[in-house]
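See below for protein_37.cif, which holds mmCIF, C-alpha atoms and all ligand atoms.
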```
data_my_file
loop_
_atom_site.group_PDB
_atom_site.id
_atom_site.type_symbol
_atom_site.label_atom_id
_atom_site.label_comp_id
_atom_site.auth_asym_id
_atom_site.auth_seq_id
_atom_site.Cartn_x
_atom_site.Cartn_y
_atom_site.Cartn_z
ATOM 1 C CA MET A 1 102.464 101.386 113.196
ATOM 2 C CA SER A 2 102.385 103.748 110.265
ATOM 3 C CA ARG A 3 101.819 103.255 106.542
ATOM 4 C CA ILE A 4 104.711 101.688 104.638
ATOM 5 C CA SER A 5 106.926 104.195 102.792
ATOM 6 C CA SER A 6 106.884 104.246 99.026
ATOM 7 C CA VAL A 7 110.647 103.550 98.941
ATOM 8 C CA ARG A 8 110.283 100.427 101.087
ATOM 9 C CA MET A 9 107.210 99.299 99.145
ATOM 10 C CA LYS A 10 109.138 99.480 95.872
ATOM 11 C CA GLU A 11 111.920 97.318 97.320
ATOM 12 C CA LEU A 12 109.390 94.717 98.460
ATOM 13 C CA LEU A 13 107.723 94.522 95.051
ATOM 14 C CA ARG A 14 110.918 93.526 93.223
ATOM 15 C CA VAL A 15 110.148 89.799 92.955
ATOM 16 C CA TYR A 16 106.637 89.242 94.307
ATOM 17 C CA PHE A 17 105.605 85.584 94.451
ATOM 18 C CA VAL A 18 101.874 84.879 94.237
ATOM 19 C CA MET A 19 100.660 81.349 94.994
ATOM 20 C CA GLY A 20 97.952 79.066 96.316
ATOM 21 C CA SER A 21 97.670 75.319 96.650
ATOM 22 C CA ARG A 22 96.320 75.003 93.062
ATOM 23 C CA ASN A 23 99.495 76.511 91.585
ATOM 24 C CA CYS A 24 101.922 73.951 92.977
ATOM 25 C CA VAL A 25 103.361 70.645 91.819
ATOM 26 C CA GLN A 26 104.890 69.869 95.212
ATOM 27 C CA ALA A 27 103.409 70.767 98.590
ATOM 28 C CA PRO A 28 102.744 74.533 98.809
ATOM 29 C CA GLU A 29 105.034 74.732 101.863
ATOM 30 C CA ASP A 30 107.955 73.234 99.896
ATOM 31 C CA THR A 31 107.289 75.492 96.909
ATOM 32 C CA LEU A 32 107.224 78.607 99.080
ATOM 33 C CA GLU A 33 110.262 77.569 101.122
ATOM 34 C CA ALA A 34 112.296 77.172 97.906
ATOM 35 C CA ALA A 35 111.070 80.513 96.567
ATOM 36 C CA LEU A 36 111.975 82.252 99.836
ATOM 37 C CA THR A 37 115.409 80.638 99.757
ATOM 38 C CA GLY A 38 115.845 81.992 96.212
ATOM 39 C CA GLY A 39 115.064 85.496 97.469
ATOM 40 C CA VAL A 40 111.474 86.482 96.741
ATOM 41 C CA THR A 41 110.835 89.863 98.333
ATOM 42 C CA LEU A 42 107.079 89.630 98.983
ATOM 43 C CA PHE A 43 104.517 86.807 99.072
ATOM 44 C CA GLN A 44 100.793 86.760 98.312
ATOM 45 C CA PHE A 45 98.582 83.867 99.419
ATOM 46 C CA ARG A 46 96.071 83.525 96.573
ATOM 47 C CA GLU A 47 93.900 80.510 97.324
ATOM 48 C CA LYS A 48 91.534 80.681 94.332
ATOM 49 C CA GLY A 49 89.989 78.578 91.592
ATOM 50 C CA PRO A 50 88.439 75.128 91.295
ATOM 51 C CA GLY A 51 89.444 72.806 94.131
ATOM 52 C CA CYS A 52 90.937 75.511 96.319
ATOM 53 C CA LEU A 53 90.879 75.037 100.086
ATOM 54 C CA GLU A 54 88.044 76.457 102.167
ATOM 55 C CA GLY A 55 87.302 76.952 105.842
ATOM 56 C CA ALA A 56 89.686 75.598 108.460
ATOM 57 C CA GLU A 57 92.040 74.022 105.891
ATOM 58 C CA ARG A 58 92.408 77.355 104.157
ATOM 59 C CA ILE A 59 93.220 79.148 107.411
ATOM 60 C CA GLU A 60 95.682 76.444 108.462
ATOM 61 C CA LEU A 61 97.540 76.595 105.139
ATOM 62 C CA ALA A 62 97.654 80.393 105.426
ATOM 63 C CA ARG A 63 99.189 80.101 108.883
ATOM 64 C CA ARG A 64 101.816 77.583 107.754
ATOM 65 C CA LEU A 65 102.842 79.737 104.783
ATOM 66 C CA GLN A 66 102.849 82.863 106.949
ATOM 67 C CA LYS A 67 105.236 81.138 109.371
ATOM 68 C CA LEU A 68 107.694 80.439 106.536
ATOM 69 C CA CYS A 69 107.478 84.066 105.429
ATOM 70 C CA ARG A 70 108.189 85.238 108.983
ATOM 71 C CA GLU A 71 111.255 82.991 109.188
ATOM 72 C CA HIS A 72 112.571 84.639 106.026
ATOM 73 C CA LYS A 73 111.393 88.133 107.067
ATOM 74 C CA VAL A 74 109.222 88.455 103.976
ATOM 75 C CA PRO A 75 105.821 90.165 104.381
ATOM 76 C CA PHE A 76 102.738 87.975 103.935
ATOM 77 C CA ILE A 77 99.876 89.411 101.865
ATOM 78 C CA VAL A 78 96.413 87.829 101.502
ATOM 79 C CA ASN A 79 94.507 88.024 98.211
ATOM 80 C CA ASP A 80 90.906 89.181 98.376
ATOM 81 C CA ASP A 81 89.983 87.918 101.853
ATOM 82 C CA VAL A 82 90.060 90.640 104.485
ATOM 83 C CA ASP A 83 88.565 88.358 107.140
ATOM 84 C CA LEU A 84 91.376 85.846 106.667
ATOM 85 C CA ALA A 85 93.997 88.606 106.655
ATOM 86 C CA LEU A 86 92.691 89.969 109.958
ATOM 87 C CA GLU A 87 92.281 86.496 111.456
ATOM 88 C CA VAL A 88 95.944 85.576 110.874
ATOM 89 C CA ASP A 89 97.229 89.145 111.339
ATOM 90 C CA ALA A 90 98.691 89.296 107.828
ATOM 91 C CA ASP A 91 100.965 92.125 106.716
ATOM 92 C CA GLY A 92 98.567 93.194 104.001
ATOM 93 C CA VAL A 93 95.746 92.551 101.554
ATOM 94 C CA HIS A 94 95.481 92.646 97.770
ATOM 95 C CA VAL A 95 92.105 93.346 96.141
ATOM 96 C CA GLY A 96 90.919 93.498 92.542
ATOM 97 C CA GLN A 97 88.345 95.840 91.029
ATOM 98 C CA GLU A 98 85.560 93.261 91.547
ATOM 99 C CA ASP A 99 86.455 92.516 95.175
ATOM 100 C CA GLU A 100 85.461 94.313 98.389
ATOM 101 C CA GLU A 101 85.522 98.092 97.869
ATOM 102 C CA ALA A 102 89.128 99.131 98.402
ATOM 103 C CA GLY A 103 88.375 102.252 100.437
ATOM 104 C CA LEU A 104 86.473 100.094 102.938
ATOM 105 C CA VAL A 105 89.297 97.551 102.915
ATOM 106 C CA ARG A 106 91.711 100.347 103.860
ATOM 107 C CA GLN A 107 89.481 101.266 106.811
ATOM 108 C CA ARG A 108 89.309 97.651 107.964
ATOM 109 C CA ILE A 109 93.042 96.874 107.711
ATOM 110 C CA GLY A 110 94.457 100.069 109.196
ATOM 111 C CA ASP A 111 98.101 100.612 108.241
ATOM 112 C CA ARG A 112 98.667 97.160 106.767
ATOM 113 C CA ILE A 113 99.863 97.048 103.155
ATOM 114 C CA LEU A 114 97.047 97.550 100.620
ATOM 115 C CA GLY A 115 97.523 96.469 97.001
ATOM 116 C CA ILE A 116 94.868 97.173 94.370
ATOM 117 C CA SER A 117 94.681 95.834 90.807
ATOM 118 C CA ALA A 118 94.424 98.644 88.234
ATOM 119 C CA HIS A 119 94.040 98.357 84.460
ATOM 120 C CA THR A 120 93.658 101.996 83.421
ATOM 121 C CA ILE A 121 94.931 105.443 84.416
ATOM 122 C CA GLN A 122 91.521 106.097 85.986
ATOM 123 C CA GLU A 123 91.665 102.957 88.116
ATOM 124 C CA ALA A 124 95.210 103.860 89.171
ATOM 125 C CA ALA A 125 94.060 107.339 90.257
ATOM 126 C CA ARG A 126 91.136 105.861 92.181
ATOM 127 C CA ALA A 127 93.416 103.304 93.839
ATOM 128 C CA TYR A 128 95.572 106.166 95.086
ATOM 129 C CA ALA A 129 92.507 107.929 96.501
ATOM 130 C CA GLN A 130 91.376 104.688 98.171
ATOM 131 C CA GLY A 131 94.699 104.420 99.983
ATOM 132 C CA ALA A 132 96.664 101.905 97.913
ATOM 133 C CA ASP A 133 100.294 101.324 98.847
ATOM 134 C CA TYR A 134 100.903 99.801 95.424
ATOM 135 C CA ILE A 135 98.999 98.843 92.298
ATOM 136 C CA GLY A 136 99.164 95.555 90.416
ATOM 137 C CA VAL A 137 98.941 96.065 86.659
ATOM 138 C CA GLY A 138 98.137 93.278 84.225
ATOM 139 C CA PRO A 139 97.884 90.920 82.609
ATOM 140 C CA ILE A 140 101.006 92.228 80.932
ATOM 141 C CA TYR A 141 101.355 89.032 78.867
ATOM 142 C CA PRO A 142 99.003 86.083 78.233
ATOM 143 C CA THR A 143 98.543 83.947 81.346
ATOM 144 C CA LYS A 144 97.120 80.516 82.108
ATOM 145 C CA SER A 145 96.912 81.233 85.827
ATOM 146 C CA LYS A 146 93.800 83.462 85.877
ATOM 147 C CA ASP A 147 90.624 82.415 84.059
ATOM 148 C CA ASP A 148 88.885 85.781 84.297
ATOM 149 C CA ALA A 149 91.899 87.922 83.420
ATOM 150 C CA GLN A 150 91.226 91.126 81.506
ATOM 151 C CA ALA A 151 92.789 91.902 78.098
ATOM 152 C CA VAL A 152 96.552 91.637 77.721
ATOM 153 C CA GLN A 153 98.033 95.147 77.592
ATOM 154 C CA GLY A 154 101.779 94.582 77.251
ATOM 155 C CA PRO A 155 104.382 96.511 79.271
ATOM 156 C CA GLU A 156 103.215 99.676 77.440
ATOM 157 C CA ILE A 157 100.345 100.127 79.914
ATOM 158 C CA ILE A 158 102.905 100.749 82.645
ATOM 159 C CA LYS A 159 104.639 103.342 80.483
ATOM 160 C CA VAL A 160 101.267 104.990 79.814
ATOM 161 C CA MET A 161 100.561 105.179 83.562
ATOM 162 C CA ARG A 162 104.017 106.599 84.340
ATOM 163 C CA ASN A 163 103.596 109.215 81.578
ATOM 164 C CA ALA A 164 100.271 110.164 83.186
ATOM 165 C CA ASN A 165 102.142 110.823 86.449
ATOM 166 C CA VAL A 166 101.031 107.708 88.293
ATOM 167 C CA THR A 167 103.709 107.716 90.992
ATOM 168 C CA LEU A 168 102.414 104.823 93.125
ATOM 169 C CA PRO A 169 104.660 101.764 93.335
ATOM 170 C CA ILE A 170 103.722 99.475 90.416
ATOM 171 C CA VAL A 171 104.091 95.718 90.078
ATOM 172 C CA GLY A 172 103.441 94.110 86.697
ATOM 173 C CA ILE A 173 101.663 90.736 86.603
ATOM 174 C CA GLY A 174 100.655 88.114 84.053
ATOM 175 C CA GLY A 175 102.844 85.820 81.967
ATOM 176 C CA ILE A 176 106.090 87.258 83.276
ATOM 177 C CA THR A 177 109.151 85.076 82.649
ATOM 178 C CA VAL A 178 112.930 85.353 82.825
ATOM 179 C CA ASP A 179 112.910 86.366 79.141
ATOM 180 C CA ASN A 180 110.402 89.229 79.328
ATOM 181 C CA ALA A 181 110.904 90.520 82.900
ATOM 182 C CA LYS A 182 113.418 93.187 81.888
ATOM 183 C CA ASP A 183 110.850 94.814 79.559
ATOM 184 C CA VAL A 184 108.434 95.159 82.484
ATOM 185 C CA PHE A 185 111.078 96.944 84.578
ATOM 186 C CA ALA A 186 112.092 99.056 81.553
ATOM 187 C CA ALA A 187 108.470 100.223 81.190
ATOM 188 C CA GLY A 188 108.609 101.687 84.702
ATOM 189 C CA ALA A 189 107.536 98.866 87.000
ATOM 190 C CA ASP A 190 109.137 98.579 90.423
ATOM 191 C CA GLY A 191 108.651 94.847 90.449
ATOM 192 C CA ILE A 192 107.247 91.726 88.877
ATOM 193 C CA ALA A 193 104.503 89.526 90.350
ATOM 194 C CA VAL A 194 104.795 85.927 89.252
ATOM 195 C CA ILE A 195 102.916 82.672 89.731
ATOM 196 C CA SER A 196 103.805 79.925 87.247
ATOM 197 C CA ALA A 197 107.324 80.963 86.197
ATOM 198 C CA ILE A 198 108.292 80.327 89.830
ATOM 199 C CA SER A 199 105.826 77.698 91.073
ATOM 200 C CA TYR A 200 106.319 75.319 88.130
ATOM 201 C CA ALA A 201 110.085 75.746 87.806
ATOM 202 C CA GLU A 202 112.143 72.607 88.310
ATOM 203 C CA ASP A 203 114.700 74.610 90.291
ATOM 204 C CA ILE A 204 112.501 77.141 92.085
ATOM 205 C CA ALA A 205 115.239 78.961 94.007
ATOM 206 C CA GLY A 206 117.373 79.168 90.869
ATOM 207 C CA ARG A 207 114.452 80.585 88.888
ATOM 208 C CA VAL A 208 113.898 83.304 91.505
ATOM 209 C CA ARG A 209 117.574 84.268 91.270
ATOM 210 C CA GLN A 210 117.280 84.495 87.467
ATOM 211 C CA LEU A 211 114.239 86.753 87.811
ATOM 212 C CA GLN A 212 116.090 88.963 90.346
ATOM 213 C CA HIS A 213 118.850 89.609 87.779
ATOM 214 C CA ASN A 214 116.466 91.622 85.624
ATOM 215 C CA PHE A 215 116.337 94.399 88.159
ATOM 216 C CA LYS A 216 118.860 97.203 87.545
ATOM 217 C CA ALA A 217 119.157 99.531 90.533
HETATM 218 N N1 LIG B 301 96.319 88.730 87.808
HETATM 219 C C1 LIG B 301 96.545 89.127 86.567
HETATM 220 S S1 LIG B 301 97.379 87.953 85.675
HETATM 221 C C2 LIG B 301 97.442 86.893 87.004
HETATM 222 C C3 LIG B 301 96.819 87.486 88.083
HETATM 223 C C4 LIG B 301 96.639 86.902 89.393
HETATM 224 C C5 LIG B 301 98.077 85.542 86.958
HETATM 225 C C6 LIG B 301 99.561 85.597 86.877
HETATM 226 O O1 LIG B 301 100.105 84.276 86.832
HETATM 227 P P1 LIG B 301 101.328 83.882 85.904
HETATM 228 O O2 LIG B 301 101.388 82.375 86.010
HETATM 229 O O3 LIG B 301 102.544 84.531 86.471
HETATM 230 O O4 LIG B 301 100.999 84.343 84.507
HETATM 231 MG MG MG B 302 90.664 89.440 93.232
#
```
Translate this structure into structure tokens?
Ligand code: TZP
Ligand code: MG
Amino acid sequence: MSRISSVRMKELLRVYFVMGSRNCVQAPEDTLEAALTGGVTLFQFREKGPGCLEGAERIELARRLQKLCREHKVPFIVNDDVDLALEVDADGVHVGQEDEEAGLVRQRIGDRILGISAHTIQEAARAYAQGADYIGVGPIYPTKSKDDAQAVQGPEIIKVMRNANVTLPIVGIGGITVDNAKDVFAAGADGIAVISAISYAEDIAGRVRQLQHNFKA
């Protein structure tokens, strides 16, 4: 195995679905299956917040969701839990600035995909040095899905990073909807990472297709 190429990483980021059992109306398996059918390009298992699953239940849910991803040939990323990622042999890990030190995470996960949250040009530069394959930038817009989210920065922060020669693949996150997704791409993002606009949609597959339409090759 070798590190993922930047070109391939950018393709995978296009419509990145992030979800845990707390973000779903239906069973998480049904929510993810519909999103995969709609064409999400990457999935992150983010089992966080009050009432989230722990221990064996958490691992079992991860395995069931990973199986669905494999059937659809979509890589499976684990949020902020390197032990779980290694236990299930996930395709990658995403860590925030307050999580396990990203340089150490890179050493532990080898060539698996490493995503790092970055809010400033400095954090983006450090993420590159730590071995990030992509950075997650946000919240771009106000979000109800993360209690401890940092300040909203708008799509401009992505433009600022691009103007500062941040060349890493970038995915915007936070409050992204069908209506504002095109502004995130226009600012220089390679993709959009979405929880609620997908997980709470009545027609999940249809919503994913609508989000896909904002990408102009
Ligand atoms: N990180 C920054 S904002 C956010 C995360 C995990 C939540 C995004 O959820 P939503 O529902 O798409 O706003
Ligand atoms: Mg985190």
What do you get, as a PDB file with C-alpha atoms, keeping the file's coordinate frame, if you spell out every residue that the PyMOL selection byres (((chain A and resi 120) around 9) and not hetatm) selects here?
```
ATOM      1  CA  ALA A 118      94.424  98.644  88.234  1.00  0.00           C
ATOM      2  CA  HIS A 119      94.040  98.357  84.460  1.00  0.00           C
ATOM      3  CA  ILE A 121      94.931 105.443  84.416  1.00  0.00           C
ATOM      4  CA  GLN A 122      91.521 106.097  85.986  1.00  0.00           C
ATOM      5  CA  GLU A 123      91.665 102.957  88.116  1.00  0.00           C
ATOM      6  CA  ALA A 124      95.210 103.860  89.171  1.00  0.00           C
ATOM      7  CA  ALA A 125      94.060 107.339  90.257  1.00  0.00           C
ATOM      8  CA  VAL A 137      98.941  96.065  86.659  1.00  0.00           C
ATOM      9  CA  ILE A 157     100.345 100.127  79.914  1.00  0.00           C
ATOM     10  CA  VAL A 160     101.267 104.990  79.814  1.00  0.00           C
ATOM     11  CA  MET A 161     100.561 105.179  83.562  1.00  0.00           C
TER      12      MET A 161
END
```
Write out as JSON, numbers by chain each polymer residue whose atoms come within 6 Å of Ala132 (chain A), counting only C-alpha atoms; drop sequence neighbours fewer than 4 positions from it. {"A": [114, 115, 127, 128]}
One decimal, Å: what's the distance from CA of Arg64 (chain A) over to CA of Leu32 (chain A), could you say? 10.3 Å
Write out, as a Markdown table, each residue of chain A that has an atom at most 6 Å from ligand MG 302 (chain B), together with the closest pair of atoms and their distance in Å to one decimal, counting all atoms listed in the file, rows going by chain and rising number.
```
| residue | atom | partner | partner_atom | distance |
| --- | --- | --- | --- | --- |
| A:Asp80 | CA | B:MG302 | MG | 5.2 |
| A:Val95 | CA | B:MG302 | MG | 5.1 |
| A:Gly96 | CA | B:MG302 | MG | 4.1 |
| A:Asp99 | CA | B:MG302 | MG | 5.6 |
```
On this structure, which residues satisfy the PyMOL selection byres (((chain A and resi 9) around 10) and not hetatm), written as a list of chain:residue names?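 On this input, the PyMOL selection byres (((chain A and resi 9) around 10) and not hetatm) captures A:Arg3, A:Ile4, A:Ser5, A:Ser6, A:Val7, A:Arg8, A:Lys10, A:Glu11, A:Leu12, A:Leu13, A:Arg14, A:Leu42, A:Ile113, A:Asp133, A:Tyr134, A:Leu168, A:Pro169, A:Ile170, A:Asp190, A:Gly191.
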For CA of Asn163 (chain A) and CA of Lys144 (chain A), quote the distance in Å rounded to one decimal. 29.4 Å
Which residues fall under the PyMOL selection byres (((not hetatm)) within 8 of (chain B and resi 301)) in this file, as a ChimeraX atom specification? /A:18,46,117,136-146,149-150,173-177,193-198
Point out the residue among A:Ala186, A:Val166, A:Cys52, A:Glu156 with the least atom-to-atom distance to Arg126 (chain A), counting all atoms listed in the file.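 When distances to Arg126 (chain A) are compared using all atoms listed in the file, the smallest one comes from A:Val166.
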Two-atom distance - CA of Ala187 (chain A), CA of Gln210 (chain A) (Å):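 Computed distance, CA of Ala187 (chain A) to CA of Gln210 (chain A), equals 19.1 Å.
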Test item: residues at most 9 Å from region 65-78 of chain A, only C-alpha atoms, excluding those fewer than 2 positions along its chain, as a PDB file with C-alpha atoms, in the coordinates of the input:
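After the write, part_13.pdb holds the following:
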```
ATOM      1  CA  LEU A  12     109.390  94.717  98.460  1.00  0.00           C
ATOM      2  CA  PRO A  28     102.744  74.533  98.809  1.00  0.00           C
ATOM      3  CA  GLU A  29     105.034  74.732 101.863  1.00  0.00           C
ATOM      4  CA  LEU A  32     107.224  78.607  99.080  1.00  0.00           C
ATOM      5  CA  GLU A  33     110.262  77.569 101.122  1.00  0.00           C
ATOM      6  CA  LEU A  36     111.975  82.252  99.836  1.00  0.00           C
ATOM      7  CA  THR A  37     115.409  80.638  99.757  1.00  0.00           C
ATOM      8  CA  GLY A  39     115.064  85.496  97.469  1.00  0.00           C
ATOM      9  CA  VAL A  40     111.474  86.482  96.741  1.00  0.00           C
ATOM     10  CA  THR A  41     110.835  89.863  98.333  1.00  0.00           C
ATOM     11  CA  LEU A  42     107.079  89.630  98.983  1.00  0.00           C
ATOM     12  CA  PHE A  43     104.517  86.807  99.072  1.00  0.00           C
ATOM     13  CA  GLN A  44     100.793  86.760  98.312  1.00  0.00           C
ATOM     14  CA  PHE A  45      98.582  83.867  99.419  1.00  0.00           C
ATOM     15  CA  ARG A  46      96.071  83.525  96.573  1.00  0.00           C
ATOM     16  CA  GLU A  47      93.900  80.510  97.324  1.00  0.00           C
ATOM     17  CA  GLU A  60      95.682  76.444 108.462  1.00  0.00           C
ATOM     18  CA  LEU A  61      97.540  76.595 105.139  1.00  0.00           C
ATOM     19  CA  ALA A  62      97.654  80.393 105.426  1.00  0.00           C
ATOM     20  CA  ARG A  63      99.189  80.101 108.883  1.00  0.00           C
ATOM     21  CA  ASP A  80      90.906  89.181  98.376  1.00  0.00           C
ATOM     22  CA  ASP A  81      89.983  87.918 101.853  1.00  0.00           C
ATOM     23  CA  VAL A  82      90.060  90.640 104.485  1.00  0.00           C
ATOM     24  CA  LEU A  84      91.376  85.846 106.667  1.00  0.00           C
ATOM     25  CA  ALA A  85      93.997  88.606 106.655  1.00  0.00           C
ATOM     26  CA  VAL A  88      95.944  85.576 110.874  1.00  0.00           C
ATOM     27  CA  ALA A  90      98.691  89.296 107.828  1.00  0.00           C
ATOM     28  CA  ASP A  91     100.965  92.125 106.716  1.00  0.00           C
ATOM     29  CA  GLY A  92      98.567  93.194 104.001  1.00  0.00           C
ATOM     30  CA  VAL A  93      95.746  92.551 101.554  1.00  0.00           C
ATOM     31  CA  HIS A  94      95.481  92.646  97.770  1.00  0.00           C
ATOM     32  CA  VAL A  95      92.105  93.346  96.141  1.00  0.00           C
ATOM     33  CA  ILE A 113      99.863  97.048 103.155  1.00  0.00           C
ATOM     34  CA  LEU A 114      97.047  97.550 100.620  1.00  0.00           C
ATOM     35  CA  GLY A 115      97.523  96.469  97.001  1.00  0.00           C
TER      36      GLY A 115
END
```
So which residues fall inside 7 Å of (90.2, 104.3, 99.7) if we count only C-alpha atoms? Mind giving them as a ChimeraX atom specification? /A:102-104,106,127,129-131
So which residues touch Phe215 (chain A) within 8 Å, counting all atoms listed in the file, skipping near sequence neighbours fewer than 4 positions away, as a compact mmCIF listing (two decimals) with C-alpha atoms, in the frame of the given file?
```txt
# COMPACT_ATOMS: atom_id res chain seq x y z
CA ARG A 14 110.92 93.53 93.22
CA LYS A 182 113.42 93.19 81.89
CA PHE A 185 111.08 96.94 84.58
CA LEU A 211 114.24 86.75 87.81
```
When distances are computed from all atoms listed in the file, which of A:Met19, A:Ala151, A:Ala27, A:Ala35 shows the smallest separation from Ile204 (chain A)?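 Smallest separation from Ile204 (chain A) among the options: A:Ala35.
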For region 176-179 of chain A, what centre and edge lengths in Å (one decimal) does the axis-aligned box get once 5 Å is added on each side of all its listed atoms, as JSON?
```
{"center_x": 109.5, "center_y": 86.2, "center_z": 81.2, "size_x": 16.8, "size_y": 12.2, "size_z": 14.1}
```
